[in-house]
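To start, the structure itself, in structure tokens.
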Amino acid sequence: MNPEIRVRFAPSPTGYLHVGGARTALFNWLYARHHGGKFVLRIEDTDKARNTQEAVQVILDGLRWLGLDWDEGPEVGGAHGPYFQSQREDIYETYFQKLLASGHLYEDGGAWRFRSLREIVVVDDIVCGRIEFDLSNPETHPDMTIRRPDGSWIFHFVNVVDDIEMGITHVIRGEDHLSNTPKHLELFKALGCQPPSYAHIPLILNKDGSKMSKRDAGASITGYIEAGYTPGALRNYLSLLGWSPKDNRELLELEETVNLFDLSKVNRKNAHFDLDKCLWLNTQHLTKLPLERFREMCLPFIKKAGIAFGQPEALDPVLAIVREKVKLCSEIPAWISYFFTEDYTFDPEAARKAFASPVVLERLTALVAAFDSVPEWSAASAEAALKHTAAELGAKPNELLLPTRVSVSGRPSGPNLFPMLEILGQKRTVARLRNAITTHAQA
RNA sequence: GACCCUAUCGUCCAGUGGCCUAGGACACUCCCCUUUCACGGGAGUAACACGGGUUCGAAUCCCGUUAGGGUCGCCA
């Protein structure tokens with residue numbers, strides 16, 4: 001445990017939280033939690049045009065959904081605030097004056113530039129190792145601008161100042177910043193401050209290797225929330241991009257990941273994002289969820305679909321038998337809607353298959369009679385009745401299954417048939433079968 | 001273009017000189033289970049980018065080539 005360790009996630013409010021950013025936040029968070037340090041959230045909103053409350057909220061919501069709580073930052077405060085760069089003008093001004101006084105700055109076209117030290121800068125990266133950058137040639141490494149003519153600040157400068165002011169000990173960020181690091185190191189040196197340790201983690205690209213942008217599938221965290229992923233599954237998947245516990249395990253709970261996580265196990269190769277695997281992990285996490293938690297996750301989607309279910313607990317028996325089918329919670333209304341209304345519709349293709357043979361209606365008629373006279377309705381008694389009827393008709397039980405399923409649910413697939421009939425109840429099962437028979441007799 | 005990083009199955013991740021005729025997972029194919037679909041179980045297809053070294057021995061070390069990614073902004 002090292003309470004001295006302080007890491008930060010410093011997103012700019014662009015209006016969405018990118019999976020790459022979420023993974024960076026996750027690694028920072030894991031590092032802090034593993035070592036008992038502090039995880040700081042800082043909003044880099046120096047670009048006033050993009051700085052809206054909604055854009056910030058998307059990031060906060062996304063991080064909270066993933067379970068990445070911050071020890072200092074927006075809405076929670078802390079001793080090193082404010083945590084919005086737009087509110088730290090005075091601090092930047094102070095540091096600016098320091099650099100100005102020490103002769104590191106010069107004006108150029110109204111903007112202020114930092115005069116490079118023109119040295120070989122060594123970046124000793126925790127993940128990438130020791131890398132030398134030769135900044136001696138002004139042609140290839142022009143002096144960086146740190147302040148615009150309108151007085152606003154540039155990323156490199158405020159980023160470094162904030163890391164100093166906030167006591168950041170470890171900067172864990174995307175590899176896209178590796179080439180920026182020598183510039184940042186120059187700033188630390190000019191300011192007379194000790195730089196933090198750096199760890200540049202590999203990037204996340206699309207499955208085909210192209211750069212991932214907002215529009216690409218799986219790029220936005222909001223998309224996962226809306227699709228009904230469990231936060232644990234996405235967090236699990238993201239943790240495995242560029243890192244692994246080294247023992248071939250894949251399905252990891254948060255606590256295990258915190259225990260196992262270490263920067264030394266982070267690899268250097270960019271990862272290609274595979275939504276299929278992420279989906280698979282979701283099914284794994286979904287099945288491990290207690291039923292109450294599963295219900296909570298599904299509830300918003302069920303409400304949104306307008307399903308009249310009464311009390312939330314009333315959903316449980318249905319959820320219990322369909323949950324093994326569900327890959328995403330957004331699918332849940334389609335799996336359960338017919339349990340809660342008599343106004344269900346028949347899938348045309350399923351109906352065509354189920355009622356293709358003329359003998360089907362006769363068989364179903366016999367089945368209705370059998371079902372109607374079952375003394376104590378249950379999955380087992382329904383099954384016995386169906387098998388008995390099939391035997392009497394000289395048919396295989398299988399031949400009655402699809403017609404029955406389509407009749408009572410309108411769908412070709414669903415939970416196991418007999419438990420489903422039990423929940424539906426004897427009366428509704430019989431009524432639905434009768435209704436299906438008359439409907440399809442006409443057709 | 002310059003500089004930096006990377007290079008194991010389609011994808012993610014093991015592998016850090018001999019245990020590798022390269023292992024696990026997703027996806028895919030097939031089989032089994034089964035009341036459809038799914039789940040579950042089993043099997044299979046599939047990779048060390050290429051060329052040079054170093055070494056008794058290389059996926060592992062070195063060099064080059066190629067490919068991919070990143071940075072070079074008065075974006076972050």
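Each chain in the structure tokens gets a letter, A, B, ..., in the order shown, and its residues are numbered from 1; ligands are numbered from 1 in order too.
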
Output as a Markdown table one row per residue of region 4-61 of chain B within 8 Å of region 66-72 of chain B: the closest atom pair and its distance in Å to one decimal place, counting only C-alpha atoms (C1' of nucleotides), sorted by chain and residue number ascending.
```
| residue | atom | partner | partner_atom | distance |
| --- | --- | --- | --- | --- |
| B:C4 | C1' | B:U71 | C1' | 7.3 |
| B:C5 | C1' | B:G70 | C1' | 7.1 |
| B:U6 | C1' | B:G69 | C1' | 7.3 |
| B:A49 | C1' | B:A67 | C1' | 7.6 |
| B:C50 | C1' | B:U66 | C1' | 7.1 |
```

Residues just named, written with N, CA and C atoms (P, O5', C5', C4', C3', O3' and C1' of nucleotides) as a short mmCIF file (atom, residue, chain, number, x, y, z; two decimals), in the first residue's frame:
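Printed below is again_0.cif as written:
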```cif
data_model
loop_
_atom_site.label_atom_id
_atom_site.label_comp_id
_atom_site.auth_asym_id
_atom_site.auth_seq_id
_atom_site.Cartn_x
_atom_site.Cartn_y
_atom_site.Cartn_z
P C B 4 13.93 7.72 -33.61
"O5'" C B 4 12.61 7.41 -32.78
"C5'" C B 4 12.46 7.95 -31.46
"C4'" C B 4 11.09 7.60 -30.94
"C3'" C B 4 10.72 6.12 -31.00
"O3'" C B 4 11.30 5.39 -29.94
"C1'" C B 4 8.92 7.39 -31.81
P C B 5 11.57 3.82 -30.14
"O5'" C B 5 10.10 3.20 -30.05
"C5'" C B 5 9.35 3.37 -28.85
"C4'" C B 5 7.95 2.83 -29.06
"C3'" C B 5 7.89 1.39 -29.56
"O3'" C B 5 8.06 0.47 -28.51
"C1'" C B 5 6.40 2.72 -30.81
P U B 6 8.68 -0.97 -28.86
"O5'" U B 6 7.50 -1.67 -29.67
"C5'" U B 6 6.27 -1.96 -29.02
"C4'" U B 6 5.28 -2.47 -30.02
"C3'" U B 6 5.67 -3.74 -30.76
"O3'" U B 6 5.37 -4.87 -29.97
"C1'" U B 6 4.82 -2.17 -32.30
P A B 49 6.15 -13.04 -36.52
"O5'" A B 49 6.02 -13.20 -38.10
"C5'" A B 49 4.77 -13.48 -38.71
"C4'" A B 49 4.81 -12.95 -40.12
"C3'" A B 49 6.14 -13.16 -40.80
"O3'" A B 49 6.18 -14.40 -41.46
"C1'" A B 49 5.49 -10.89 -40.99
P C B 50 7.52 -15.28 -41.42
"O5'" C B 50 8.44 -14.53 -42.48
"C5'" C B 50 8.04 -14.43 -43.84
"C4'" C B 50 8.99 -13.56 -44.58
"C3'" C B 50 10.46 -13.90 -44.36
"O3'" C B 50 10.88 -14.95 -45.22
"C1'" C B 50 10.15 -11.57 -44.10
#
```

Exercise for the section: When you get a sec, could you note down which chain A residues fall within 6 Å of chain B, using only C-alpha atoms (C1' of nucleotides), as a PyMOL selection string? Expected result: chain A and resi 148+176+179+248+269+277+325+398+413

Grab the residues selected above and save them as a short mmCIF file (atom, residue, chain, number, x, y, z; two decimals), in the first residue's frame with N, CA, C and O atoms.
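File produced: result.cif:
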```
data_model
loop_
_atom_site.label_atom_id
_atom_site.label_comp_id
_atom_site.auth_asym_id
_atom_site.auth_seq_id
_atom_site.Cartn_x
_atom_site.Cartn_y
_atom_site.Cartn_z
N ARG A 148 -2.32 31.19 -26.21
CA ARG A 148 -2.80 31.82 -27.44
C ARG A 148 -2.85 33.34 -27.29
O ARG A 148 -2.83 33.85 -26.17
N ASP A 176 -0.57 7.63 -27.52
CA ASP A 176 -0.55 8.78 -28.42
C ASP A 176 0.16 9.97 -27.77
O ASP A 176 0.52 10.92 -28.45
N SER A 179 5.02 10.67 -27.68
CA SER A 179 5.87 11.64 -28.38
C SER A 179 5.74 13.05 -27.79
O SER A 179 6.56 13.91 -28.08
N ASN A 248 -4.01 -16.99 -18.18
CA ASN A 248 -5.06 -17.40 -19.11
C ASN A 248 -6.49 -17.24 -18.59
O ASN A 248 -7.43 -17.66 -19.25
N LYS A 269 1.59 -3.56 -27.33
CA LYS A 269 0.99 -3.65 -28.66
C LYS A 269 -0.44 -3.10 -28.66
O LYS A 269 -1.24 -3.43 -27.80
N LYS A 277 -16.35 -10.59 -28.52
CA LYS A 277 -15.83 -11.11 -27.26
C LYS A 277 -16.40 -10.33 -26.07
O LYS A 277 -16.68 -10.89 -25.02
N LYS A 325 -31.37 -16.79 -22.00
CA LYS A 325 -31.41 -16.47 -23.43
C LYS A 325 -30.85 -15.08 -23.72
O LYS A 325 -30.52 -14.77 -24.85
N ASN A 398 -41.99 -33.86 -30.30
CA ASN A 398 -41.37 -32.72 -30.98
C ASN A 398 -42.34 -32.01 -31.93
O ASN A 398 -42.29 -30.80 -32.10
N SER A 413 -38.91 -18.96 -30.78
CA SER A 413 -37.95 -19.36 -29.75
C SER A 413 -38.26 -18.63 -28.46
O SER A 413 -38.92 -17.59 -28.44
#
```

Exercise for the section: Compile the contact shell of G18 (chain B) as a list in words: residues with an atom at most 12 Å away, counting only C-alpha atoms (C1' of nucleotides), same-chain residues fewer than 4 positions apart removed. Expected result: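 Here the qualifying residues turn out to be U55, C56, G57, A58 and U60 of chain B.
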
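Look at A22 (chain B): the protein and nucleic acid residues within 9 Å of it, using only C-alpha atoms (C1' of nucleotides) and passing over chain neighbours fewer than 3 places away, are B:U8, B:G15, B:A47, B:C48, B:A59.
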
I need the residues from that last selection saved to file as a short mmCIF file (atom, residue, chain, number, x, y, z; two decimals), in the first residue's frame (with N, CA and C atoms (P, O5', C5', C4', C3', O3' and C1' of nucleotides)), if you can.
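Generated output (part20.cif):
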```cif
data_model
loop_
_atom_site.label_atom_id
_atom_site.label_comp_id
_atom_site.auth_asym_id
_atom_site.auth_seq_id
_atom_site.Cartn_x
_atom_site.Cartn_y
_atom_site.Cartn_z
P U B 8 1.95 -10.00 -33.38
"O5'" U B 8 1.92 -11.58 -33.37
"C5'" U B 8 2.83 -12.28 -34.22
"C4'" U B 8 2.68 -13.73 -33.94
"C3'" U B 8 1.23 -14.20 -33.84
"O3'" U B 8 0.72 -14.47 -35.12
"C1'" U B 8 2.45 -15.02 -32.01
P G B 15 3.69 -14.23 -20.44
"O5'" G B 15 4.63 -15.30 -21.13
"C5'" G B 15 4.67 -16.63 -20.61
"C4'" G B 15 5.12 -17.53 -21.73
"C3'" G B 15 6.55 -17.22 -22.16
"O3'" G B 15 7.43 -18.15 -21.62
"C1'" G B 15 5.05 -17.49 -24.02
P A B 47 -1.61 -21.72 -39.24
"O5'" A B 47 -1.11 -20.44 -38.47
"C5'" A B 47 -1.11 -19.16 -39.12
"C4'" A B 47 -0.49 -18.16 -38.20
"C3'" A B 47 0.96 -18.45 -37.81
"O3'" A B 47 1.84 -17.96 -38.79
"C1'" A B 47 -0.30 -17.91 -35.88
P C B 48 3.25 -18.68 -39.00
"O5'" C B 48 4.02 -18.40 -37.65
"C5'" C B 48 5.03 -17.41 -37.65
"C4'" C B 48 4.81 -16.58 -36.43
"C3'" C B 48 5.94 -15.59 -36.16
"O3'" C B 48 5.32 -14.32 -36.08
"C1'" C B 48 5.61 -17.04 -34.29
P A B 59 12.13 -20.65 -32.86
"O5'" A B 59 11.45 -19.24 -32.68
"C5'" A B 59 10.53 -18.72 -33.62
"C4'" A B 59 9.89 -17.48 -33.07
"C3'" A B 59 10.76 -16.70 -32.11
"O3'" A B 59 11.48 -15.71 -32.82
"C1'" A B 59 8.67 -17.13 -31.09
#
```

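Listed by chain and then by rising number, the residues of region 132-216 of chain A that DSSP assigns to helix (DSSP H, G or I) from the backbone are Phe155, His156, Phe157, Val158, Asn159, Val160, Val161, Asp162, Asp163, Ile164, Glu165, Glu175, Asp176, His177, Leu178, Ser179, Asn180, Thr181, Pro182, Lys183, His184, Leu185, Glu186, Leu187, Phe188, Lys189 and Ala190 of chain A.
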
Exercise for the section: Tell me which protein, DNA and RNA residues are within 12 Å of Arg6 (chain A), counting only C-alpha atoms (C1' of nucleotides), leaving out same-chain ones fewer than 2 positions away, and put them as a PyMOL selection string. Expected result: chain A and resi 2-4+8-9+28-41+70-72+80+163-172+196-197

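Restricting the calculation to only C-alpha atoms, the smallest distance between Phe355 (chain A) and any of A:Arg295, A:Arg405, A:Arg147, A:Arg173 is found for A:Arg405.
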
Handout entry: Residues flagged strand (DSSP E or B) by DSSP in region 55-262 of chain A, as a ChimeraX atom specification
Key = /A:72-73,77,84,105-108,111-114,120-125,129-134,145-147,153,170-174,197-201,204-205,211,220,243

Handout entry: Surrounding residues of Leu234 (chain A) excluding itself and chain neighbours under 6 positions, 8 Å, only C-alpha atoms (C1' of nucleotides), as a list of chain:residue names
Key =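 In the requested format, the answer is A:Leu66, A:Tyr224, A:Cys278, A:Leu281, A:Asn282.
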
Practice task
State, in Å with one decimal place, the distance from CA of Val318 (chain A) to CA of Gly232 (chain A).
Solution key: 23.6 Å

Practice task
Report the distance between C1' of U29 (chain B) and C1' of G44 (chain B) in Å, rounded to one decimal place.
Solution key: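 Going from C1' of U29 (chain B) over to C1' of G44 (chain B), I get 7.3 Å.
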
Exercise for the section: Choose the residue, out of A:Arg88, A:Arg235, A:Lys303, A:His156, that has the smallest atom-to-atom separation from Glu186 (chain A); count only C-alpha atoms. Expected result: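 Comparing A:Arg88, A:Arg235, A:Lys303, A:His156 against Glu186 (chain A), the winner is A:His156.
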
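Residues surrounding Leu251 (chain A) within 9 Å are Ala233, Asn236, Tyr237, Leu281, Gln284 and His285 of chain A [only C-alpha atoms (C1' of nucleotides); sequence separation below 3 positions excluded].
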
Take the residues that were just selected and, keeping C-alpha atoms, output them as a compact mmCIF listing (two decimals), in the first residue's frame.
```txt
# COMPACT_ATOMS: atom_id res chain seq x y z
CA ALA A 233 -18.57 -7.10 -18.40
CA ASN A 236 -13.69 -6.93 -17.60
CA TYR A 237 -13.25 -6.74 -21.35
CA LEU A 281 -18.23 -11.65 -21.56
CA GLN A 284 -20.99 -14.58 -18.67
CA HIS A 285 -21.45 -11.70 -16.27
```

Exercise for the section: Figure out the distance between CA of Asp69 (chain A) and CA of Phe273 (chain A), please, to one decimal in Å. Expected result: 24.6 Å

Handout entry: Pick from A:Ser264, A:Thr94, A:Gln53, A:Ser220, whichever lies nearest to Val127 (chain A) using only C-alpha atoms
Key =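 Smallest distance to Val127 (chain A) is found for A:Ser264.
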